[in-house]
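Next comes target-v7.cif, a file with mmCIF, C-alpha atoms.
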```cif
data_upload
loop_
_atom_site.label_atom_id
_atom_site.label_comp_id
_atom_site.auth_asym_id
_atom_site.auth_seq_id
_atom_site.Cartn_x
_atom_site.Cartn_y
_atom_site.Cartn_z
CA MET A 827 116.03 131.57 97.92
CA ILE A 828 119.32 131.28 99.82
CA GLY A 829 118.63 127.60 100.48
CA LEU A 830 118.36 126.86 96.78
CA LYS A 831 121.68 128.52 96.02
CA LYS A 832 123.42 125.96 98.20
CA ILE A 833 122.47 123.09 95.87
CA TYR A 834 122.72 124.94 92.58
CA LYS A 835 126.41 125.60 92.19
CA ARG A 836 127.60 126.43 88.72
CA ARG A 837 128.40 123.18 86.94
CA ASN A 838 129.36 121.76 83.57
CA LEU A 839 126.57 119.64 82.13
CA PRO A 840 127.05 116.49 80.01
CA ASN A 841 126.89 117.07 76.27
CA GLY A 842 123.27 117.16 75.14
CA TRP A 843 121.89 118.13 78.55
CA LYS A 844 120.03 121.31 79.51
CA GLU A 845 119.14 123.31 82.60
CA VAL A 846 115.53 124.44 83.09
CA ARG A 847 113.70 126.23 85.86
CA ILE A 848 110.30 124.68 86.61
CA ALA A 849 108.55 128.06 86.45
CA ASP A 850 109.93 128.70 82.95
CA VAL A 851 108.55 125.57 81.28
CA PHE A 852 105.83 124.02 83.45
CA LYS A 853 102.40 125.17 84.52
CA THR A 854 101.82 124.59 88.23
CA GLY A 855 98.89 124.84 90.59
CA SER A 856 97.39 123.63 93.85
CA GLY A 857 93.92 122.56 94.90
CA ALA A 858 91.52 123.14 97.76
CA THR A 859 89.35 121.32 100.29
CA PRO A 860 85.56 121.54 99.99
CA THR A 861 83.92 122.49 103.29
CA ALA A 862 84.24 119.37 105.43
CA SER A 863 81.05 120.09 107.38
CA ASN A 864 78.89 119.81 104.27
CA PRO A 865 78.16 116.10 103.54
CA ALA A 866 76.75 117.03 100.13
CA TYR A 867 80.32 117.73 99.03
CA TYR A 868 81.52 114.20 99.85
CA THR A 869 78.69 111.65 100.16
CA ASN A 870 78.64 109.32 97.13
CA GLY A 871 81.28 111.46 95.45
CA THR A 872 82.75 110.24 92.16
CA ILE A 873 85.49 112.83 91.51
CA PRO A 874 88.95 111.64 92.68
CA TRP A 875 90.35 114.05 95.27
CA ILE A 876 93.95 113.55 96.44
CA ASN A 877 95.43 114.71 99.74
CA SER A 878 99.12 114.90 100.55
CA GLY A 879 99.02 111.77 102.70
CA GLU A 880 98.52 109.70 99.55
CA LEU A 881 101.86 110.72 98.05
CA ASN A 882 103.61 107.68 99.50
CA SER A 883 103.81 105.63 96.30
CA ALA A 884 105.32 106.26 92.88
CA THR A 885 101.95 106.61 91.18
CA ILE A 886 98.34 107.21 92.16
CA SER A 887 95.68 105.27 90.27
CA GLU A 888 93.32 104.31 93.10
CA PRO A 889 92.55 107.42 95.19
CA GLN A 890 91.30 107.07 98.74
CA ASN A 891 88.89 110.01 98.67
CA PHE A 892 86.22 111.38 96.36
CA ILE A 893 84.14 114.55 96.22
CA THR A 894 80.86 115.31 94.51
CA GLN A 895 80.27 117.64 91.57
CA SER A 896 78.79 120.11 94.05
CA GLY A 897 81.95 119.90 96.18
CA TYR A 898 84.08 120.50 93.09
CA GLU A 899 82.04 123.49 91.93
CA ASN A 900 81.88 125.10 95.36
CA SER A 901 85.60 125.05 96.06
CA SER A 902 88.68 126.29 94.24
CA THR A 903 90.12 122.82 93.67
CA LYS A 904 91.17 122.04 90.10
CA MET A 905 91.14 118.93 87.93
CA TYR A 906 94.60 117.85 86.78
CA PRO A 907 95.31 115.46 83.89
CA LYS A 908 97.01 112.08 83.89
CA ASP A 909 100.83 112.32 84.23
CA THR A 910 100.70 115.39 86.45
CA VAL A 911 103.56 115.31 89.00
CA LEU A 912 102.34 115.97 92.54
CA VAL A 913 104.59 117.36 95.30
CA ALA A 914 103.44 117.47 98.96
CA MET A 915 103.99 120.93 100.43
CA TYR A 916 102.75 120.68 104.02
CA GLY A 917 103.42 118.75 107.21
CA ALA A 918 105.26 115.47 107.69
CA THR A 919 104.90 114.44 104.03
CA ALA A 920 106.42 117.67 102.67
CA GLY A 921 108.70 116.87 99.74
CA LYS A 922 107.06 113.55 98.81
CA THR A 923 106.25 113.10 95.11
CA SER A 924 103.94 110.97 93.02
CA ILE A 925 102.46 110.86 89.51
CA LEU A 926 98.76 110.90 88.69
CA LYS A 927 97.73 107.98 86.50
CA ILE A 928 94.15 109.22 86.36
CA PRO A 929 92.60 112.69 86.09
CA ALA A 930 92.05 113.99 89.64
CA CYS A 931 91.87 117.10 91.77
CA THR A 932 93.86 117.79 94.95
CA ASN A 933 93.76 119.64 98.22
CA GLN A 934 95.76 122.79 98.94
CA ALA A 935 98.68 120.85 100.47
CA ILE A 936 99.86 119.65 97.05
CA CYS A 937 101.69 121.43 94.25
CA ALA A 938 100.73 120.04 90.85
CA ILE A 939 103.29 120.21 88.02
CA LEU A 940 101.36 119.71 84.80
CA PRO A 941 102.75 117.48 82.03
CA HIS A 942 104.86 119.00 79.25
CA LYS A 943 105.43 117.36 75.87
CA ASP A 944 109.22 117.76 76.06
CA PHE A 945 109.67 116.25 79.52
CA SER A 946 109.13 112.82 81.00
CA PRO A 947 106.87 113.02 84.08
CA LEU A 948 108.90 110.17 85.57
CA PHE A 949 112.15 112.08 85.09
CA VAL A 950 110.66 115.18 86.75
CA LYS A 951 109.35 113.06 89.63
CA TYR A 952 112.66 111.29 90.22
CA TYR A 953 114.61 114.54 89.99
CA ILE A 954 112.45 116.31 92.59
CA GLU A 955 112.45 113.15 94.71
CA ASN A 956 116.25 113.32 94.69
CA LEU A 957 115.91 116.76 96.30
CA TYR A 958 113.72 115.35 99.11
CA SER A 959 116.24 115.95 101.93
CA HIS A 960 116.75 119.50 100.72
CA LEU A 961 113.02 120.17 100.53
CA VAL A 962 112.53 118.72 104.01
CA SER A 963 115.22 121.06 105.34
CA LEU A 964 113.36 124.00 103.81
CA SER A 965 110.17 122.88 105.55
CA SER A 966 111.69 122.58 109.04
CA GLY A 967 110.77 125.12 111.67
CA SER A 968 107.63 126.10 113.56
CA ALA A 969 105.05 123.36 113.00
CA ARG A 970 107.20 122.24 110.07
CA ASP A 971 106.84 125.31 107.88
CA ASN A 972 105.30 124.61 104.53
CA ILE A 973 107.13 124.32 101.24
CA SER A 974 105.60 127.02 99.09
CA GLN A 975 104.60 126.62 95.48
CA ASP A 976 107.01 129.47 94.69
CA THR A 977 109.89 127.43 96.16
CA ILE A 978 109.02 124.47 93.94
CA LYS A 979 108.73 126.72 90.88
CA GLU A 980 112.27 127.97 91.51
CA LEU A 981 113.73 124.45 91.41
CA LYS A 982 116.09 123.78 88.51
CA ILE A 983 116.17 120.52 86.62
CA TYR A 984 119.26 119.24 84.78
CA CYS A 985 118.27 116.69 82.17
CA PRO A 986 118.93 115.25 78.71
CA SER A 987 117.59 117.57 76.02
CA THR A 988 115.39 114.93 74.40
CA LEU A 989 112.44 113.05 75.82
CA GLU A 990 114.01 109.79 74.61
CA GLY A 991 117.22 110.54 76.50
CA GLN A 992 115.29 111.21 79.70
CA MET A 993 113.34 107.95 79.36
CA ARG A 994 116.52 105.90 78.84
CA LEU A 995 118.03 107.42 81.96
CA ILE A 996 115.14 106.56 84.28
CA GLU A 997 114.25 103.15 82.81
CA ILE A 998 115.98 101.20 85.60
CA LEU A 999 114.45 103.36 88.33
CA ASN A 1000 111.02 102.77 86.85
CA LEU A 1001 111.57 99.00 86.92
CA ILE A 1002 112.54 99.21 90.60
CA ASP A 1003 109.40 101.23 91.39
CA ARG A 1004 107.27 98.59 89.66
CA LYS A 1005 108.96 95.88 91.73
CA ILE A 1006 108.28 97.85 94.92
CA ALA A 1007 104.62 98.24 93.95
CA LEU A 1008 104.38 94.49 93.27
CA ASN A 1009 105.96 93.66 96.63
CA ARG A 1010 103.50 95.98 98.39
CA GLU A 1011 100.61 94.22 96.68
CA ILE A 1012 101.97 90.82 97.74
CA ASN A 1013 102.30 92.06 101.32
CA ARG A 1014 98.73 93.40 101.27
CA ASN A 1015 97.45 90.03 100.05
CA LEU A 1016 99.42 88.13 102.71
CA GLU A 1017 98.13 90.42 105.44
CA ALA A 1018 94.56 90.00 104.18
CA MET A 1019 94.97 86.22 104.42
CA ALA A 1020 96.37 86.49 107.96
CA ARG A 1021 93.55 88.85 108.92
CA GLN A 1022 90.98 86.39 107.61
CA LEU A 1023 92.53 83.58 109.66
CA TYR A 1024 92.54 85.81 112.77
CA ASP A 1025 88.84 86.57 112.28
CA TYR A 1026 88.05 82.89 111.82
CA TRP A 1027 89.93 81.81 114.97
CA PHE A 1028 89.54 84.69 117.42
CA VAL A 1029 86.33 86.47 116.40
CA GLN A 1030 84.19 83.58 115.18
CA PHE A 1031 86.00 81.17 117.58
CA ASP A 1032 86.42 78.49 114.95
CA PHE A 1033 90.04 77.76 115.80
CA PRO A 1034 91.08 74.08 115.44
CA ASP A 1035 89.95 71.97 118.43
CA GLU A 1036 91.85 68.92 119.70
CA ASN A 1037 90.51 66.97 116.72
CA GLY A 1038 91.49 69.64 114.21
CA LYS A 1039 87.86 70.67 113.68
CA PRO A 1040 86.49 74.26 113.95
CA TYR A 1041 85.75 74.72 117.66
CA LYS A 1042 82.45 76.61 117.77
CA SER A 1043 80.95 75.15 114.60
CA SER A 1044 81.71 71.64 115.91
CA GLY A 1045 79.85 72.22 119.16
CA GLY A 1046 82.66 73.51 121.35
CA LYS A 1047 81.33 74.74 124.70
CA MET A 1048 80.74 78.50 124.94
CA VAL A 1049 80.20 80.46 128.16
CA TRP A 1050 78.81 83.95 128.77
CA ASN A 1051 81.31 86.70 129.64
CA GLU A 1052 79.65 89.54 131.51
CA LYS A 1053 82.40 92.09 130.76
CA LEU A 1054 82.41 91.45 127.03
CA LYS A 1055 78.64 90.91 126.89
CA ARG A 1056 79.07 87.88 124.67
CA GLU A 1057 79.84 84.19 124.71
CA ILE A 1058 83.45 83.05 124.56
CA PRO A 1059 85.03 79.57 124.49
CA GLU A 1060 85.12 77.73 127.81
CA GLY A 1061 88.47 78.27 129.51
CA TRP A 1062 89.02 81.65 127.86
CA THR A 1063 89.03 84.93 129.76
CA ASP A 1064 89.35 88.67 129.16
CA VAL A 1065 92.40 90.79 129.99
CA ARG A 1066 93.31 94.45 129.67
CA LEU A 1067 95.75 95.39 126.93
CA ASP A 1068 98.06 97.08 129.44
CA SER A 1069 98.42 93.80 131.35
CA LEU A 1070 100.15 92.31 128.30
CA THR A 1071 102.04 95.32 126.98
CA SER A 1072 103.85 98.46 127.96
CA ILE A 1073 101.92 101.37 126.42
CA PHE A 1074 103.52 104.77 125.95
CA THR A 1075 103.51 107.77 123.66
CA GLY A 1076 106.18 109.98 122.18
CA LYS A 1077 107.07 113.36 123.64
CA LYS A 1078 107.93 115.48 120.60
CA ASP A 1079 105.96 117.56 118.15
CA VAL A 1080 107.02 117.13 114.53
CA ALA A 1081 108.54 120.61 114.55
CA LYS A 1082 111.08 119.60 117.22
CA VAL A 1083 112.52 116.64 115.34
CA LYS A 1084 116.18 116.99 114.45
CA PRO A 1085 117.27 115.03 111.33
CA GLY A 1086 119.17 111.83 112.00
CA SER A 1087 119.38 108.13 111.17
CA TYR A 1088 116.33 106.85 113.08
CA LYS A 1089 112.70 106.86 112.00
CA PHE A 1090 110.23 109.27 113.59
CA PHE A 1091 106.61 108.11 113.35
CA SER A 1092 103.94 110.77 113.43
CA CYS A 1093 100.27 110.26 112.52
CA ALA A 1094 101.17 110.69 108.84
CA PRO A 1095 101.64 107.65 106.56
CA ASP A 1096 105.43 107.84 106.29
CA PRO A 1097 108.14 108.35 108.93
CA ILE A 1098 110.71 111.15 108.78
CA PRO A 1099 114.38 110.93 109.95
CA SER A 1100 115.17 111.65 113.60
CA ASN A 1101 118.38 111.81 115.65
CA GLU A 1102 116.85 110.06 118.69
CA TYR A 1103 114.90 106.90 119.46
CA ILE A 1104 112.64 105.66 122.27
CA ILE A 1105 111.83 102.26 120.71
CA ASP A 1106 114.43 99.55 120.22
CA GLY A 1107 112.88 96.27 119.06
CA ASP A 1108 109.41 95.04 118.09
CA ALA A 1109 106.48 97.40 118.65
CA ILE A 1110 102.92 98.00 117.52
CA LEU A 1111 102.25 101.66 116.69
CA VAL A 1112 98.86 103.41 116.70
CA SER A 1113 98.12 106.88 115.30
CA GLY A 1114 96.25 108.85 117.94
CA ASN A 1115 94.76 111.78 116.05
CA GLY A 1116 94.28 113.47 112.68
CA SER A 1117 93.09 111.89 109.45
CA TYR A 1118 95.06 108.70 110.19
CA THR A 1119 93.51 108.17 113.63
CA GLY A 1120 93.41 104.45 114.44
CA ARG A 1121 96.00 103.41 111.87
CA VAL A 1122 97.92 100.42 113.25
CA MET A 1123 101.31 99.20 112.07
CA PHE A 1124 104.09 96.85 113.20
CA TYR A 1125 107.67 98.09 113.39
CA SER A 1126 110.93 96.43 114.36
CA GLY A 1127 114.03 98.50 115.06
CA LYS A 1128 114.96 101.83 116.62
CA ALA A 1129 112.47 104.68 116.25
CA ASP A 1130 111.09 107.85 117.81
CA LEU A 1131 107.41 108.77 118.21
CA TYR A 1132 105.21 111.82 117.86
CA GLN A 1133 103.40 112.96 121.01
CA ARG A 1134 100.12 111.47 119.77
CA THR A 1135 101.50 108.24 118.36
CA TYR A 1136 101.28 105.30 120.76
CA GLY A 1137 103.77 102.48 121.09
CA CYS A 1138 102.89 99.05 122.53
CA ILE A 1139 105.67 96.63 123.48
CA VAL A 1140 104.83 93.10 124.62
CA SER A 1141 105.89 92.16 128.13
CA ASP A 1142 108.61 89.50 128.35
CA LYS A 1143 106.36 87.55 130.71
CA VAL A 1144 103.68 86.69 128.13
CA GLY A 1145 105.82 85.33 125.30
CA ASN A 1146 105.59 86.02 121.57
CA ILE A 1147 102.00 87.17 121.08
CA MET A 1148 102.87 90.15 118.86
CA PRO A 1149 101.05 88.82 115.72
CA PHE A 1150 97.91 88.14 117.77
CA LEU A 1151 97.99 91.59 119.38
CA TYR A 1152 98.65 93.29 116.03
CA PHE A 1153 95.44 91.94 114.49
CA THR A 1154 93.53 92.43 117.74
CA MET A 1155 94.47 96.11 117.77
CA LYS A 1156 93.63 96.51 114.10
CA THR A 1157 90.20 95.08 114.86
CA LEU A 1158 89.75 97.42 117.84
CA PHE A 1159 90.99 100.62 116.20
CA GLU A 1160 89.97 100.23 112.54
CA PRO A 1161 86.57 101.86 113.19
CA TYR A 1162 88.42 105.04 114.17
CA HIS A 1163 90.66 104.88 111.10
CA SER A 1164 87.71 104.33 108.74
CA GLY A 1165 85.70 107.16 110.24
CA GLY A 1166 83.22 104.87 111.94
CA LYS A 1167 83.72 106.60 115.31
CA HIS A 1168 83.17 110.23 116.09
CA GLY A 1169 86.05 112.46 117.15
CA SER A 1170 89.66 112.72 116.07
CA SER A 1171 91.51 110.90 118.82
CA ILE A 1172 91.79 107.47 120.38
CA PRO A 1173 91.09 107.24 124.11
CA TYR A 1174 94.38 106.57 125.90
#
```
Would you mind writing the file out in structure tokens?
Amino acid sequence: MIGLKKIYKRRNLPNGWKEVRIADVFKTGSGATPTASNPAYYTNGTIPWINSGELNSATISEPQNFITQSGYENSSTKMYPKDTVLVAMYGATAGKTSILKIPACTNQAICAILPHKDFSPLFVKYYIENLYSHLVSLSSGSARDNISQDTIKELKIYCPSTLEGQMRLIEILNLIDRKIALNREINRNLEAMARQLYDYWFVQFDFPDENGKPYKSSGGKMVWNEKLKREIPEGWTDVRLDSLTSIFTGKKDVAKVKPGSYKFFSCAPDPIPSNEYIIDGDAILVSGNGSYTGRVMFYSGKADLYQRTYGCIVSDKVGNIMPFLYFTMKTLFEPYHSGGKHGSSIPY
């Protein structure tokens, strides 16, 4: 535990504070993954099952995945209670934390710190979150070495001795997290509205005609397109994506990323810091493999990319069509992200 010694120098604590080692006061555990090849373990499942990719928000109340009772009984995953603190141990999300707001089980990539009557789950979460950079440094190496449960159990927490004192200390942070969650919900609603408009105009072809009426529904002329095998509005045509954009991929594996001030986008939900960048400006990013295959996002700024994350930059010759392309690519690649296509990669 040499790495831990670097951050735990002997210190004088404020009056009324205490030092505790996680292993001395908390019960911890990790879960498991039911055999993926057995659909009986997942189809119509009702038991919330959390993977480390979901630890990108302060709390988890709406899980993305569920397993069946058979999947639960035929694996070593465990059910954890509400207010359990979850810490991601593997891969690009290593060090991320979240709090369960519902009973749920997890996969093996998560360390669960069970609630304790003398400690605020929020305080524990924020404290470990504050150690994120340190935990990431422990997980760097070949294929981003995992953070072990033993490493997390050795972490020390300095905190007010009373539960009330802990709650007072993190009250402001909790308010900020709630504001962030609200902003994310607003953004989701705005994107849903924009997506609906895109579908109405460019999929159903009911964009406003010269009289402001919906084109196709108002009798606008449609012509057959042999390539697309469908009718499209008269005067429209089909083009290849690479005729409008420059398409490229990153060159690095996650293990080769050196910490820095730029974002490095892998196929995981959240970027990690990098010391280099290959994007400088507006770009559409697409995850090319893994459980987030087909995930599409817009980014503006300087960033680096994983070797299976694709960047698309609009050519200067075609003008500002980035919003249109963003929703077009979401429409094209969403079937991969939702599991509607077979395989784990997007054709380049």
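Atom pair atom CA of Leu940 of chain A / atom CA of Thr854 of chain A has a distance of 6.0 Å (rounded to one decimal).
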On this structure, which residues satisfy the PyMOL selection byres ((chain A and resi 914) around 12), written as a PyMOL selection string? chain A and resi 856-857+876-882+911-913+915-925+932-939+951+954-955+958+961-962+965+972-975+978
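Running the PyMOL selection byres ((chain A and resi 1051-1068) around 9) on this file leaves Phe1031, Tyr1041, Lys1042, Gly1046, Lys1047, Met1048, Val1049, Trp1050, Ser1069, Leu1070, Thr1071, Ser1072, Ile1073, Cys1138 and Leu1151 of chain A selected.
The shortest atom-to-atom distance to Pro865 of chain A, with all atoms listed in the file taken into account, belongs to A:Phe892 out of A:Trp843, A:Phe1124, A:Phe892, A:Phe852.
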How many Å separate atom CA of Trp875 of chain A from atom CA of Tyr898 of chain A? 9.3 Å
Residue completion, segment 1086-1111 of chain A, N, CA and C atoms, as a PDB file, in the coordinates of the input:
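In the end it all went to selection_21.pdb:
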```pdb
ATOM      1  N   GLY A1086     118.191 112.823 111.580  1.00  0.00           N
ATOM      2  CA  GLY A1086     119.170 111.830 112.000  1.00  0.00           C
ATOM      3  C   GLY A1086     118.945 110.519 111.270  1.00  0.00           C
ATOM      4  N   SER A1087     119.412 109.426 111.854  1.00  0.00           N
ATOM      5  CA  SER A1087     119.380 108.130 111.170  1.00  0.00           C
ATOM      6  C   SER A1087     118.259 107.206 111.645  1.00  0.00           C
ATOM      7  N   TYR A1088     117.423 107.685 112.582  1.00  0.00           N
ATOM      8  CA  TYR A1088     116.330 106.850 113.080  1.00  0.00           C
ATOM      9  C   TYR A1088     115.003 107.353 112.500  1.00  0.00           C
ATOM     10  N   LYS A1089     114.003 106.476 112.524  1.00  0.00           N
ATOM     11  CA  LYS A1089     112.700 106.860 112.000  1.00  0.00           C
ATOM     12  C   LYS A1089     111.858 107.520 113.094  1.00  0.00           C
ATOM     13  N   PHE A1090     111.147 108.577 112.694  1.00  0.00           N
ATOM     14  CA  PHE A1090     110.230 109.270 113.590  1.00  0.00           C
ATOM     15  C   PHE A1090     108.826 109.072 113.034  1.00  0.00           C
ATOM     16  N   PHE A1091     107.964 108.393 113.809  1.00  0.00           N
ATOM     17  CA  PHE A1091     106.610 108.110 113.350  1.00  0.00           C
ATOM     18  C   PHE A1091     105.639 109.127 113.926  1.00  0.00           C
ATOM     19  N   SER A1092     105.010 109.869 113.026  1.00  0.00           N
ATOM     20  CA  SER A1092     103.940 110.770 113.430  1.00  0.00           C
ATOM     21  C   SER A1092     102.629 110.087 113.048  1.00  0.00           C
ATOM     22  N   CYS A1093     101.545 110.847 112.938  1.00  0.00           N
ATOM     23  CA  CYS A1093     100.270 110.260 112.520  1.00  0.00           C
ATOM     24  C   CYS A1093     100.115 110.291 111.005  1.00  0.00           C
ATOM     25  N   ALA A1094     101.162 110.708 110.296  1.00  0.00           N
ATOM     26  CA  ALA A1094     101.170 110.690 108.840  1.00  0.00           C
ATOM     27  C   ALA A1094     101.580 109.308 108.346  1.00  0.00           C
ATOM     28  N   PRO A1095     101.373 109.001 107.049  1.00  0.00           N
ATOM     29  CA  PRO A1095     101.640 107.650 106.560  1.00  0.00           C
ATOM     30  C   PRO A1095     103.098 107.243 106.547  1.00  0.00           C
ATOM     31  N   ASP A1096     104.023 108.194 106.408  1.00  0.00           N
ATOM     32  CA  ASP A1096     105.430 107.840 106.290  1.00  0.00           C
ATOM     33  C   ASP A1096     106.255 108.490 107.395  1.00  0.00           C
ATOM     34  N   PRO A1097     107.271 107.776 107.913  1.00  0.00           N
ATOM     35  CA  PRO A1097     108.140 108.350 108.930  1.00  0.00           C
ATOM     36  C   PRO A1097     109.112 109.356 108.333  1.00  0.00           C
ATOM     37  N   ILE A1098     109.660 110.227 109.186  1.00  0.00           N
ATOM     38  CA  ILE A1098     110.710 111.150 108.780  1.00  0.00           C
ATOM     39  C   ILE A1098     111.950 110.831 109.616  1.00  0.00           C
ATOM     40  N   PRO A1099     113.157 111.260 109.192  1.00  0.00           N
ATOM     41  CA  PRO A1099     114.380 110.930 109.950  1.00  0.00           C
ATOM     42  C   PRO A1099     114.489 111.705 111.252  1.00  0.00           C
ATOM     43  N   SER A1100     114.988 111.030 112.283  1.00  0.00           N
ATOM     44  CA  SER A1100     115.170 111.650 113.600  1.00  0.00           C
ATOM     45  C   SER A1100     116.551 111.274 114.153  1.00  0.00           C
ATOM     46  N   ASN A1101     117.066 112.088 115.067  1.00  0.00           N
ATOM     47  CA  ASN A1101     118.380 111.810 115.650  1.00  0.00           C
ATOM     48  C   ASN A1101     118.272 111.091 117.001  1.00  0.00           C
ATOM     49  N   GLU A1102     117.049 110.741 117.417  1.00  0.00           N
ATOM     50  CA  GLU A1102     116.850 110.060 118.690  1.00  0.00           C
ATOM     51  C   GLU A1102     115.903 108.880 118.510  1.00  0.00           C
ATOM     52  N   TYR A1103     115.867 107.995 119.504  1.00  0.00           N
ATOM     53  CA  TYR A1103     114.900 106.900 119.460  1.00  0.00           C
ATOM     54  C   TYR A1103     114.441 106.559 120.873  1.00  0.00           C
ATOM     55  N   ILE A1104     113.183 106.118 120.986  1.00  0.00           N
ATOM     56  CA  ILE A1104     112.640 105.660 122.270  1.00  0.00           C
ATOM     57  C   ILE A1104     112.154 104.222 122.158  1.00  0.00           C
ATOM     58  N   ILE A1105     112.175 103.659 120.939  1.00  0.00           N
ATOM     59  CA  ILE A1105     111.830 102.260 120.710  1.00  0.00           C
ATOM     60  C   ILE A1105     113.077 101.552 120.194  1.00  0.00           C
ATOM     61  N   ASP A1106     113.310 100.353 120.699  1.00  0.00           N
ATOM     62  CA  ASP A1106     114.430  99.550 120.220  1.00  0.00           C
ATOM     63  C   ASP A1106     113.993  98.084 120.233  1.00  0.00           C
ATOM     64  N   GLY A1107     113.399  97.639 119.126  1.00  0.00           N
ATOM     65  CA  GLY A1107     112.880  96.270 119.060  1.00  0.00           C
ATOM     66  C   GLY A1107     111.528  96.231 118.385  1.00  0.00           C
ATOM     67  N   ASP A1108     110.725  95.218 118.708  1.00  0.00           N
ATOM     68  CA  ASP A1108     109.410  95.040 118.090  1.00  0.00           C
ATOM     69  C   ASP A1108     108.366  95.882 118.817  1.00  0.00           C
ATOM     70  N   ALA A1109     107.524  96.579 118.044  1.00  0.00           N
ATOM     71  CA  ALA A1109     106.480  97.400 118.650  1.00  0.00           C
ATOM     72  C   ALA A1109     105.287  97.516 117.707  1.00  0.00           C
ATOM     73  N   ILE A1110     104.122  97.685 118.285  1.00  0.00           N
ATOM     74  CA  ILE A1110     102.920  98.000 117.520  1.00  0.00           C
ATOM     75  C   ILE A1110     102.656  99.488 117.725  1.00  0.00           C
ATOM     76  N   LEU A1111     102.448 100.213 116.641  1.00  0.00           N
ATOM     77  CA  LEU A1111     102.250 101.660 116.690  1.00  0.00           C
ATOM     78  C   LEU A1111     100.808 101.999 116.289  1.00  0.00           C
TER      79      LEU A1111
END
```
